[in-house]
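Chemist: The structure's right below; bear with me while I get my questions together.
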Amino acid sequence: MGYKVAVVGATGAVGAEMLNILAERRFPADEVVALASRSSLGREVSFGDDRTLTVQTLEDFDFEGTDIALFSPGGAISKVHAPRAAAAGCVVIDNTSHFRMEPDVPLVVPEVNPGAIAGFRERNIIANPNCSTIQMVMALKPLHELAIVKRVVVATYQSVSGAGREAMDELFDQTKGIYETKLPEPKQFPKQIAFNVIPQIDVFMEDGSTREEWKMAVETKKILDPAIEVSATCVRVPVFVGHALAVNVEFEHEIDVDDAREALQEFEGVLLLDDPANGEYVTPIECVGEFAVLVSRLRRDTTVPSGMSMWVVADNLRKGAALNAVQIAELLVQEGHL
Ligand SMILES: NC(=O)c1ccc[n+]([C@@H]2O[C@H](COP(=O)([O-])OP(=O)(O)OC[C@H]3O[C@@H](n4cnc5c(N)ncnc54)[C@H](OP(=O)(O)O)[C@@H]3O)[C@@H](O)[C@H]2O)c1
């Protein structure tokens, strides 16, 4: 017998990938329900290659009898409806940042901290981490086991799909408009995104960092190790899908590059594609549609006693969002929680 699964935000960039991935990985679902706002009522969305689902409204949906809900409707909506679903006995896997740092809500990357899932019954909610955090902790985990990560300095190159469907349209429209000599009008982003890069993702905080940068620091501590210090600069770039990170890591112990390569190669969900002499390294466009986190340009940083730099690329809509959420659902099934 399969499960009843609801996808909340099914018309969005992440929700569409959730439906794709549930179908691709043949999640054991007897019924899948697509939910979105009132304005999408009755719309058809694709589920797998040959099925469509008719969108229902989240507000009117009764979660009684639904086993799992994958939420990505934005933080303010999750804040209201995730606890409502959870109270009806449905396990919520939430993609927004709303519940991530609450102590009684597990924040899970299945390859990195699967054990954290155990506490989910407190609230019936499990949080999916930030997209850039997920791909960074995937690359850090095998290295942390080898030599203990002390400090990370990261600069991100984040694609516009990380800000949703309308943000992707804005990059397209601005790019096309500039060739037609139209002046770009920023709406989804604080400045022009076409032919530009923007060192602001989410709002600024009192200390001058952005909320996205803060999320990378605090979520890494919660998932991997509270002792790890992270200094992040998060940048939006005019790429449609695929986030890249330039990561510099300082370790507690000596680390050998060959051992680091081996550890990354052996780690489930990470693929090392790194042969610069033969032009082998990965760019965001090459990661689209992939499940794996791709690591390239691994090299020693000789400016500190034990340091290493690397380039980490992943499909932000997949491992950075929808795939990780579906993997959490798979973990719940495997461990007999449902
Ligand atoms: N994109 C990423 O890489 C990524 C990664 C991790 C986490 N997230 C998080 O996931 C969330 C959604 O991201 P997205 O990129 O998919 O955004 P999006 O493309 O803008 O989609 C938003 C979705 O939320 C739905 N929605 C909006 N208001 C609603 C309401 N009142 N009731 C029910 N559904 C409502 C929309 O439905 P309508 O079409 O009916 O408006 C749409 O399906 C955000 O919180 C984001 O931070 C995104």
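FYI, nothing fancy with the structure tokens labels: chains A, B, ... in order, residues from 1 per chain, ligands from 1 as they appear.
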List all protein, DNA and RNA residues that have an atom no more than 8 Å from any atom of ligand 1, counting only C-alpha atoms and all ligand atoms, and report them as a PyMOL selection string.

Modeler: chain A and resi 8-16+35-41+57-59+71-75+77+95-97+128-131+161-167+316-318+320-322

Chemist: Mind the document's chain letters and residue numbers, and return as a VMD selection string the residues of stretch 45-222 of chain A that DSSP labels strand (DSSP E or B).

Modeler: chain A and resid 45 to 47 51 to 54 56 to 57 68 to 71 91 to 94 107 125 to 127 149 to 158 198 204 210

Chemist: When you look at A:Arg26 with a cut-off of 12 Å (counting only C-alpha atoms), what residues show up, excluding the ones that are within fewer than 3 positions of it in the same chain? I need them as number ranges by chain.

Modeler: A: 2-3, 18-23, 29-30, 32, 47-48, 326-327, 330

Chemist: Would you please give, as a PyMOL selection string, all residues of stretch 82-285 of chain A that DSSP assigns to alpha helix (DSSP H) based on the backbone?

Modeler: chain A and resi 82-87+131-147+165-179+211-223+257-266+284-285

Chemist: Nearest to A:Val239: which of A:Ala76, A:Ile126, A:Leu272, A:Ala194 is it, counting only C-alpha atoms?

Modeler: A:Ala194

Chemist: Excluding A:Val313 and any residue of its chain fewer than 2 positions from it, enumerate the residues within 7 Å of it, using only C-alpha atoms, and give them as a PyMOL selection string.

Modeler: chain A and resi 242-245+282-284+287+293-295+311

Chemist: Compare A:Ala139, A:Leu224, A:Pro276, A:Tyr179 by their minimum atom-to-atom distance to A:Pro114, counting only C-alpha atoms, and give me the closest one.

Modeler: A:Leu224

Chemist: Pick from A:Ile193, A:Arg51, A:Cys234, A:Glu206: nearest to A:Ile178, with only C-alpha atoms counted?

Modeler: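 Of the candidates, the smallest distance to A:Ile178 is held by A:Ile193.
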
Chemist: For A:His337, work out the shell of residues within 10 Å, counting only C-alpha atoms and skipping chain neighbours fewer than 5 positions away, then give it as a list in words.

Modeler: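 Counting only C-alpha atoms, the residues come to Val91, Ile117, Ala118, Phe120, Arg121, Ala329, Leu331 and Leu332 of chain A.
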
Chemist: Output all heavy atoms for every residue in the selection just made, as a PDB file, in the first residue's frame.

Modeler:
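out01.pdb written:
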```
ATOM      1  N   VAL A  91       2.853  14.439   7.971  1.00  0.00           N
ATOM      2  CA  VAL A  91       4.238  14.871   8.208  1.00  0.00           C
ATOM      3  C   VAL A  91       4.599  15.903   7.141  1.00  0.00           C
ATOM      4  O   VAL A  91       4.498  15.634   5.944  1.00  0.00           O
ATOM      5  CB  VAL A  91       5.238  13.692   8.146  1.00  0.00           C
ATOM      6  CG1 VAL A  91       6.645  14.181   8.470  1.00  0.00           C
ATOM      7  CG2 VAL A  91       4.827  12.585   9.091  1.00  0.00           C
ATOM      8  N   ILE A 117      16.576  13.159  11.878  1.00  0.00           N
ATOM      9  CA  ILE A 117      15.157  12.981  11.548  1.00  0.00           C
ATOM     10  C   ILE A 117      14.355  12.460  12.753  1.00  0.00           C
ATOM     11  O   ILE A 117      13.148  12.725  12.865  1.00  0.00           O
ATOM     12  CB  ILE A 117      15.040  12.028  10.331  1.00  0.00           C
ATOM     13  CG1 ILE A 117      13.857  12.427   9.466  1.00  0.00           C
ATOM     14  CG2 ILE A 117      14.947  10.588  10.711  1.00  0.00           C
ATOM     15  CD1 ILE A 117      13.858  11.767   8.126  1.00  0.00           C
ATOM     16  N   ALA A 118      15.053  11.760  13.652  1.00  0.00           N
ATOM     17  CA  ALA A 118      14.375  11.075  14.762  1.00  0.00           C
ATOM     18  C   ALA A 118      13.454  12.000  15.566  1.00  0.00           C
ATOM     19  O   ALA A 118      12.412  11.567  16.040  1.00  0.00           O
ATOM     20  CB  ALA A 118      15.410  10.446  15.683  1.00  0.00           C
ATOM     21  N   PHE A 120      11.417  14.272  14.674  1.00  0.00           N
ATOM     22  CA  PHE A 120      10.370  14.984  13.927  1.00  0.00           C
ATOM     23  C   PHE A 120       8.993  14.926  14.574  1.00  0.00           C
ATOM     24  O   PHE A 120       8.148  15.792  14.339  1.00  0.00           O
ATOM     25  CB  PHE A 120      10.300  14.474  12.474  1.00  0.00           C
ATOM     26  CG  PHE A 120       9.489  13.223  12.285  1.00  0.00           C
ATOM     27  CD1 PHE A 120       8.150  13.311  11.914  1.00  0.00           C
ATOM     28  CD2 PHE A 120      10.045  11.975  12.483  1.00  0.00           C
ATOM     29  CE1 PHE A 120       7.393  12.166  11.746  1.00  0.00           C
ATOM     30  CE2 PHE A 120       9.308  10.834  12.322  1.00  0.00           C
ATOM     31  CZ  PHE A 120       7.970  10.922  11.952  1.00  0.00           C
ATOM     32  N   ARG A 121       8.724  13.937  15.432  1.00  0.00           N
ATOM     33  CA  ARG A 121       7.375  13.784  15.996  1.00  0.00           C
ATOM     34  C   ARG A 121       6.971  14.917  16.944  1.00  0.00           C
ATOM     35  O   ARG A 121       5.802  15.139  17.180  1.00  0.00           O
ATOM     36  CB  ARG A 121       7.236  12.435  16.711  1.00  0.00           C
ATOM     37  CG  ARG A 121       6.983  11.266  15.772  1.00  0.00           C
ATOM     38  CD  ARG A 121       5.586  11.291  15.157  1.00  0.00           C
ATOM     39  NE  ARG A 121       5.407  10.197  14.198  1.00  0.00           N
ATOM     40  CZ  ARG A 121       4.647  10.264  13.111  1.00  0.00           C
ATOM     41  NH1 ARG A 121       4.003  11.376  12.820  1.00  0.00           N
ATOM     42  NH2 ARG A 121       4.529   9.235  12.302  1.00  0.00           N
ATOM     43  N   ALA A 329      11.534  12.311   2.568  1.00  0.00           N
ATOM     44  CA  ALA A 329      10.315  11.478   2.562  1.00  0.00           C
ATOM     45  C   ALA A 329      10.691  10.000   2.404  1.00  0.00           C
ATOM     46  O   ALA A 329      10.130   9.128   3.087  1.00  0.00           O
ATOM     47  CB  ALA A 329       9.387  11.923   1.441  1.00  0.00           C
ATOM     48  N   LEU A 331      13.446   8.616   3.364  1.00  0.00           N
ATOM     49  CA  LEU A 331      14.050   8.204   4.629  1.00  0.00           C
ATOM     50  C   LEU A 331      12.970   7.850   5.658  1.00  0.00           C
ATOM     51  O   LEU A 331      13.083   6.864   6.393  1.00  0.00           O
ATOM     52  CB  LEU A 331      14.944   9.343   5.132  1.00  0.00           C
ATOM     53  CG  LEU A 331      15.921   9.072   6.254  1.00  0.00           C
ATOM     54  CD1 LEU A 331      16.908   7.976   5.893  1.00  0.00           C
ATOM     55  CD2 LEU A 331      16.700  10.360   6.597  1.00  0.00           C
ATOM     56  N   LEU A 332      11.915   8.679   5.684  1.00  0.00           N
ATOM     57  CA  LEU A 332      10.795   8.402   6.602  1.00  0.00           C
ATOM     58  C   LEU A 332      10.187   7.030   6.292  1.00  0.00           C
ATOM     59  O   LEU A 332       9.857   6.266   7.206  1.00  0.00           O
ATOM     60  CB  LEU A 332       9.709   9.476   6.458  1.00  0.00           C
ATOM     61  CG  LEU A 332      10.008  10.856   7.041  1.00  0.00           C
ATOM     62  CD1 LEU A 332       8.982  11.874   6.550  1.00  0.00           C
ATOM     63  CD2 LEU A 332      10.012  10.825   8.570  1.00  0.00           C
TER      64      LEU A 332
END
```

Chemist: Between A:Glu111, A:Glu44, A:Glu213, A:Glu24, which residue has the minimum interatomic distance to A:Pro142, considering only C-alpha atoms?

Modeler: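 The closest residue to A:Pro142 is A:Glu111.
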
Chemist: So which one's closest to A:Val288, A:Val241, A:Ile125, A:Val153, A:Ile228? Using only C-alpha atoms, please.

Modeler: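 The answer is A:Val241, which sits nearest to A:Val288.
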
Chemist: I'd like the interatomic distance between atom CA of A:Lys79 and atom CA of A:Lys319, to a tenth of an Å.

Modeler: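 These atoms are spaced 23.2 Å apart.
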
Chemist: List the spatial neighbours of A:Thr175 as a list in words - criterion: any atom at most 12 Å away, only C-alpha atoms, same-chain residues fewer than 6 positions off excluded.

Modeler: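 Once the adjacent positions are removed, what remains is Met168, Asp169, Thr181, Lys182, Leu183, Pro184, Glu185, Pro186, Gln192, Ile193, Ala194, Phe195, Asn196, Pro238, Val239 and Phe240 of chain A.
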
Chemist: Using N, CA, C and O atoms, can you write the selected residues to a file as an mmCIF file, in the first residue's frame?

Modeler:
```cif
data_model
loop_
_atom_site.group_PDB
_atom_site.id
_atom_site.type_symbol
_atom_site.label_atom_id
_atom_site.label_comp_id
_atom_site.auth_asym_id
_atom_site.auth_seq_id
_atom_site.Cartn_x
_atom_site.Cartn_y
_atom_site.Cartn_z
ATOM 1 N N MET A 168 12.833 34.148 -12.621
ATOM 2 C CA MET A 168 13.365 33.604 -13.882
ATOM 3 C C MET A 168 12.819 34.412 -15.059
ATOM 4 O O MET A 168 13.540 34.746 -15.996
ATOM 5 N N ASP A 169 11.537 34.760 -14.980
ATOM 6 C CA ASP A 169 10.919 35.573 -16.044
ATOM 7 C C ASP A 169 11.605 36.933 -16.129
ATOM 8 O O ASP A 169 11.805 37.473 -17.208
ATOM 9 N N THR A 181 16.607 47.640 -26.688
ATOM 10 C CA THR A 181 16.872 48.963 -26.078
ATOM 11 C C THR A 181 15.796 49.433 -25.091
ATOM 12 O O THR A 181 15.533 50.625 -24.953
ATOM 13 N N LYS A 182 15.155 48.470 -24.405
ATOM 14 C CA LYS A 182 14.215 48.840 -23.317
ATOM 15 C C LYS A 182 15.011 48.968 -22.016
ATOM 16 O O LYS A 182 15.895 48.144 -21.764
ATOM 17 N N LEU A 183 14.649 49.928 -21.180
ATOM 18 C CA LEU A 183 15.344 50.069 -19.899
ATOM 19 C C LEU A 183 14.867 48.979 -18.938
ATOM 20 O O LEU A 183 13.656 48.778 -18.782
ATOM 21 N N PRO A 184 15.817 48.239 -18.299
ATOM 22 C CA PRO A 184 15.375 47.185 -17.366
ATOM 23 C C PRO A 184 14.685 47.772 -16.141
ATOM 24 O O PRO A 184 15.116 48.808 -15.627
ATOM 25 N N GLU A 185 13.614 47.105 -15.714
ATOM 26 C CA GLU A 185 12.883 47.564 -14.526
ATOM 27 C C GLU A 185 12.971 46.487 -13.453
ATOM 28 O O GLU A 185 12.231 45.508 -13.503
ATOM 29 N N PRO A 186 13.867 46.630 -12.471
ATOM 30 C CA PRO A 186 13.970 45.594 -11.442
ATOM 31 C C PRO A 186 12.699 45.495 -10.591
ATOM 32 O O PRO A 186 12.195 46.521 -10.139
ATOM 33 N N GLN A 192 19.235 45.642 -11.520
ATOM 34 C CA GLN A 192 19.202 44.914 -12.794
ATOM 35 C C GLN A 192 19.965 43.599 -12.656
ATOM 36 O O GLN A 192 21.091 43.587 -12.160
ATOM 37 N N ILE A 193 19.349 42.498 -13.110
ATOM 38 C CA ILE A 193 20.033 41.204 -13.025
ATOM 39 C C ILE A 193 20.642 40.800 -14.371
ATOM 40 O O ILE A 193 21.686 40.136 -14.405
ATOM 41 N N ALA A 194 20.030 41.229 -15.481
ATOM 42 C CA ALA A 194 20.597 40.865 -16.786
ATOM 43 C C ALA A 194 21.964 41.519 -16.953
ATOM 44 O O ALA A 194 22.121 42.704 -16.652
ATOM 45 N N PHE A 195 22.944 40.758 -17.398
ATOM 46 C CA PHE A 195 24.311 41.258 -17.630
ATOM 47 C C PHE A 195 24.915 41.896 -16.375
ATOM 48 O O PHE A 195 25.651 42.878 -16.458
ATOM 49 N N ASN A 196 24.532 41.382 -15.195
ATOM 50 C CA ASN A 196 25.009 41.992 -13.964
ATOM 51 C C ASN A 196 25.124 40.913 -12.887
ATOM 52 O O ASN A 196 24.652 39.791 -13.076
ATOM 53 N N PRO A 238 23.318 36.100 -13.295
ATOM 54 C CA PRO A 238 22.320 35.919 -14.352
ATOM 55 C C PRO A 238 22.394 34.542 -15.021
ATOM 56 O O PRO A 238 22.693 34.409 -16.205
ATOM 57 N N VAL A 239 22.135 33.529 -14.218
ATOM 58 C CA VAL A 239 22.110 32.125 -14.666
ATOM 59 C C VAL A 239 20.721 31.629 -14.304
ATOM 60 O O VAL A 239 20.212 31.994 -13.239
ATOM 61 N N PHE A 240 20.089 30.837 -15.157
ATOM 62 C CA PHE A 240 18.719 30.409 -14.840
ATOM 63 C C PHE A 240 18.672 29.342 -13.738
ATOM 64 O O PHE A 240 17.943 29.476 -12.778
#
```

Chemist: For atom CA of A:Met310 and atom CA of A:Asp258, determine how far apart the two atoms are, in Å to one decimal place.

Modeler: 13.5 Å

Chemist: Looking at A:Ser78, A:Asn248, A:Thr220, A:Gln200, which one is nearest to A:Lys141, with distances taken over only C-alpha atoms?

Modeler: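 Closest to A:Lys141 of all the choices is A:Thr220.
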